[in-house]
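To keep things clear, I will list the structure first and then write my remarks on it.
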Amino acid sequence: MTKFSAIFAVVISLFLPVVAAADDMRMAVTTSFHNSGLADVLLPEIKKDLGLDVHLLVVGTGQALRLGRAGDVDAILVHSRKAEEEFVEKGFGTHRREIMYNDFVVIGPSADPAGVGGAKSAAAAFQKIAAAKTAFASRGDDSGTHRKERSLWNAAGLDDAGLDTGWYRASGSGMGATLNMASALNAYVFADRASWLNFGNKGELALLFAGDPVLFNQYAYIQVSPTRHPHVKKEQAAKLEEWLAGERAQQLIGGSEIAGETLFTPNAQPR
Amino acid sequence: MDSLLAGLWAAIELVVTLDPDLVEITLRSLQVTVTAVVIAAFIGLPLGAWLTLTRFRLRRVTVAVLNALMGLPPVVVGLVLYVLLSRAGPFGVLDLLFTPTAMVIAQIVIVTPIVASLCHQATRELWFLYHDLLISMNTTKWQRIRTLLWDGRRALLTAVLTGFGRAIGEVGAIMIVGGNIDHVTRVLTTAIALEVGKGDFALALGLGLVLIALAVLINLAIHSLSRTEKEGTW
């Protein structure tokens with residue numbers, strides 16, 4: 001029996017207590033925000049300035065809103081204005097606070113078989129891809145990026161649900177996974193600039209189209225309503241909002257860049 | 001091929017420099033899985049032996065269901081637990097969602113049927129041999145269970161290690177109920193998924209190699225501690 005007690009002792013010693021930090025909160029953020037690497041810059045500063053451990057749940061905008069609705073997180077940082085306004089209107093969040101923006105871009109094979117590079121608008125670029133029937137990798141996960149992409153197909157006069165699956169591939173996963181898929185298929189893909197800049201597996205892909213004003217991508221912070229969910233950490237969430245909209249965070253956001261390109265432009269309004 | 005070599009290199013670098021993040025997530029992987037497997041063994045082993053010894057009307061159905069549950073899809077386990085543990089769900093007040101405890105619960109659900117089912121199969125053969133002896137000695141059911149578990153310990157160790165192998169490499173369920181939060185619920189498998197998402201295949205492969213090495217080490221350690229591969233004892 002002794003050898004088994006020895007194993008047992010080893011096993012029990014691994015059973016260390018699982019403790020959470022004293023002051024913490026949970027925030028659901030989009031994959032595009034996290035994959036950009038900005039979180040790695042901001043989180044240590046938040047810890048330093050506020051003594052607050054922010055636990056990030058990295059999901060799509062659709063799921064982030066759902067987590068907020070269920071009260072499983074204390075705040076969300078997402079980018080889908082219509083859905084955010086509806087979220088606040090229905091009383092799930094207190095209010096919307098704009099923090100920063102970047103823009104969406106069209107990525108594709110550097111040879112650009114569909115000729116997207118010369119398009120006049122984002123809608124025209126999408127029309128060219130559909131006309132050439134070249135492979136296109138879509139998020140297909142109801143995220144902010146996916147919603148934007150759908151609206152662009154519609155603006156191009158196409159029904160996003162009726163696109164030919166022979167070339168239109170919905171990955172149903174995050175920004176990184178979809179970029180991986182595009183890289184493997186050498187396909188066109190619609191992404192936010194920050195995720196693209198920070199992506200490590202670019203392969204033959206290149207940035208082909210950007211600059212249309214409709215590609216503006218605003219990120220907003222929303223506290224989950226304490227009236228609907230009394231257990232949420234409202235003081236911490238309010239503190240974090242002020243910090244993110246404050247001078248220091250805004251400077252950090254504006255200053256973070258990859259390969260000489262700015263990831264996000266801060267635009268929070270002081271109150 | 002290049003990325004495989006880069007992965008190997010990344011793994012060596014991570015291990016040699018004892019990367020603090022790697023140490024942290026490796027320990028958390030072990031902590032979650034070992035806790036889950038120990039608890040699953042305490043439930044599954046007696047349950048498997050009990051099923052061997054007890055005759056009741058739905059026994060065959062129970063055994064068949066238990067066998068089928070060995071292939072329980074982790075994503076479904078995760079989703080069901082998520083719904084139960086969410087603030088909007090029945091157990092929301094416990095505030096367990098996105099904690100290591102939730103991950104342990106998910107793995108217990110996944111591992112217990114494996115341990116119980118394999119234990120049932122092992123003890124059934126043993127019971128065939130011990131049946132007359134144990135009954136003629138007028139033993140209680142608890143004594144019989146203990147005898148079967150002790151004398152079948154070698155096969156049962158394999159059962160538990162099978163459960164360990166399933167749990168340590170599992171990602172679907174713990175990703176959903178744990179949320180892959182840095183420094184809180186990030187473990188080796190969810191970190192691999194994250195690095196794949198960032199397109200950093202070298203680091204993902206490196207972490208994968210560390211995970212495989214860990215599983216091999218644990219198995220070797222347990223076998224040498226329990227001396228299964230030495231002659232004489234068993």
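By order of appearance in the structure tokens: chains A, B, ..., then residues from 1 within every chain, and ligands from 1 in the order shown.
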Give me the residues of chain A that have any atom at most 6 Å from an atom of chain B; for each, the nearest atom pair and the distance in Å, rounded to one decimal. Use only C-alpha atoms, sort by chain and number, and format it as a tab-separated table.
```
residue	atom	partner	partner_atom	distance
A:Leu14	CA	B:Gln31	CA	5.7
A:His55	CA	B:Ile181	CA	5.9
A:Leu56	CA	B:Ile181	CA	5.7
A:Leu57	CA	B:Gly179	CA	5.8
A:Ala70	CA	B:Ala88	CA	5.1
A:Gly71	CA	B:Arg87	CA	5.7
A:Asp72	CA	B:Arg87	CA	5.6
A:Gly176	CA	B:Gly197	CA	4.1
A:Ala177	CA	B:Gly197	CA	4.9
A:Phe199	CA	B:Lys198	CA	5.8
A:Gly200	CA	B:Gly199	CA	4.7
A:Asn201	CA	B:Gly199	CA	4.8
```
Requested write-out: N, CA and C atoms of the selected residues, as an mmCIF file, in the first residue's frame:
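Written file, part.cif:
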```
data_model
loop_
_atom_site.group_PDB
_atom_site.id
_atom_site.type_symbol
_atom_site.label_atom_id
_atom_site.label_comp_id
_atom_site.auth_asym_id
_atom_site.auth_seq_id
_atom_site.Cartn_x
_atom_site.Cartn_y
_atom_site.Cartn_z
ATOM 1 N N LEU A 14 -0.253 18.438 -5.626
ATOM 2 C CA LEU A 14 -0.588 19.255 -6.790
ATOM 3 C C LEU A 14 -1.900 19.996 -6.587
ATOM 4 N N HIS A 55 -9.640 40.431 -16.267
ATOM 5 C CA HIS A 55 -9.625 39.111 -16.895
ATOM 6 C C HIS A 55 -10.352 39.191 -18.230
ATOM 7 N N LEU A 56 -9.612 38.942 -19.284
ATOM 8 C CA LEU A 56 -10.188 39.089 -20.620
ATOM 9 C C LEU A 56 -10.788 37.786 -21.115
ATOM 10 N N LEU A 57 -12.012 37.876 -21.642
ATOM 11 C CA LEU A 57 -12.599 36.752 -22.357
ATOM 12 C C LEU A 57 -12.610 37.141 -23.809
ATOM 13 N N ALA A 70 -26.127 37.958 -20.146
ATOM 14 C CA ALA A 70 -26.315 36.972 -19.085
ATOM 15 C C ALA A 70 -25.688 37.433 -17.771
ATOM 16 N N GLY A 71 -24.917 38.508 -17.791
ATOM 17 C CA GLY A 71 -24.261 38.972 -16.568
ATOM 18 C C GLY A 71 -23.022 38.171 -16.234
ATOM 19 N N ASP A 72 -22.453 37.461 -17.202
ATOM 20 C CA ASP A 72 -21.251 36.660 -16.931
ATOM 21 C C ASP A 72 -19.969 37.484 -16.971
ATOM 22 N N GLY A 176 -8.149 35.286 -36.186
ATOM 23 C CA GLY A 176 -6.885 34.604 -36.458
ATOM 24 C C GLY A 176 -7.105 33.335 -37.266
ATOM 25 N N ALA A 177 -8.080 32.536 -36.844
ATOM 26 C CA ALA A 177 -8.351 31.277 -37.540
ATOM 27 C C ALA A 177 -8.779 31.547 -38.972
ATOM 28 N N PHE A 199 -0.677 39.660 -37.404
ATOM 29 C CA PHE A 199 -0.826 38.257 -37.774
ATOM 30 C C PHE A 199 0.503 37.684 -38.239
ATOM 31 N N GLY A 200 0.838 36.487 -37.751
ATOM 32 C CA GLY A 200 2.173 35.941 -37.987
ATOM 33 C C GLY A 200 2.302 35.016 -39.178
ATOM 34 N N ASN A 201 1.199 34.673 -39.831
ATOM 35 C CA ASN A 201 1.242 33.619 -40.859
ATOM 36 C C ASN A 201 0.734 34.179 -42.187
#
```
Expected answer as a PyMOL selection string: alpha helix (DSSP H) residues in region 21-193 of chain B: chain B and resi 21-53+59-69+74-85+100-136+141-151+153-168+172-178+188-193
For region 90-100 of chain A: contacts at 8 Å, only C-alpha atoms, fewer than 3 positions along chain excluded, given as number ranges by chain: A: 68-69, 84-87, 218-226, 228, 241, 244-245, 250, 253, 264-269
Give me the residues within 10 Å of region 141-149 of chain B as an mmCIF file with C-alpha atoms, in the first residue's frame, counting only C-alpha atoms and dropping any in the same chain fewer than 3 places off.
```
data_model
loop_
_atom_site.group_PDB
_atom_site.id
_atom_site.type_symbol
_atom_site.label_atom_id
_atom_site.label_comp_id
_atom_site.auth_asym_id
_atom_site.auth_seq_id
_atom_site.Cartn_x
_atom_site.Cartn_y
_atom_site.Cartn_z
ATOM 1 C CA LEU B 45 -13.610 2.940 -9.766
ATOM 2 C CA PRO B 46 -16.147 1.993 -7.064
ATOM 3 C CA LEU B 47 -18.950 2.573 -9.564
ATOM 4 C CA GLY B 48 -17.346 0.216 -12.100
ATOM 5 C CA ALA B 49 -16.778 -2.505 -9.495
ATOM 6 C CA TRP B 50 -20.261 -2.042 -8.090
ATOM 7 C CA LEU B 51 -21.721 -2.541 -11.568
ATOM 8 C CA THR B 52 -19.762 -5.801 -11.832
ATOM 9 C CA LEU B 53 -21.140 -7.114 -8.541
ATOM 10 C CA THR B 54 -24.692 -5.925 -8.654
ATOM 11 C CA CYS B 119 -12.966 -0.513 -14.437
ATOM 12 C CA ALA B 122 -11.446 -5.171 -15.842
ATOM 13 C CA THR B 123 -13.261 -6.234 -12.693
ATOM 14 C CA ARG B 124 -15.797 -8.314 -14.607
ATOM 15 C CA GLU B 125 -13.080 -10.739 -15.685
ATOM 16 C CA LEU B 126 -11.652 -10.804 -12.197
ATOM 17 C CA TRP B 127 -15.055 -11.452 -10.662
ATOM 18 C CA TYR B 130 -13.179 -14.707 -7.582
ATOM 19 C CA HIS B 131 -16.921 -15.331 -7.581
ATOM 20 C CA LEU B 134 -15.678 -14.427 -2.208
ATOM 21 C CA ILE B 135 -19.206 -15.740 -1.894
ATOM 22 C CA ASN B 138 -19.492 -14.648 3.099
ATOM 23 C CA GLY B 152 -7.198 -5.498 -10.450
ATOM 24 C CA ARG B 153 -5.037 -2.481 -9.690
ATOM 25 C CA ARG B 154 -2.795 -2.883 -12.675
ATOM 26 C CA ALA B 155 -5.642 -2.720 -15.185
ATOM 27 C CA LEU B 156 -7.263 0.031 -13.133
#
```
Computed interatomic separation between CA of Val63 (chain B) and CA of Ala116 (chain B) (Å): 9.5 Å
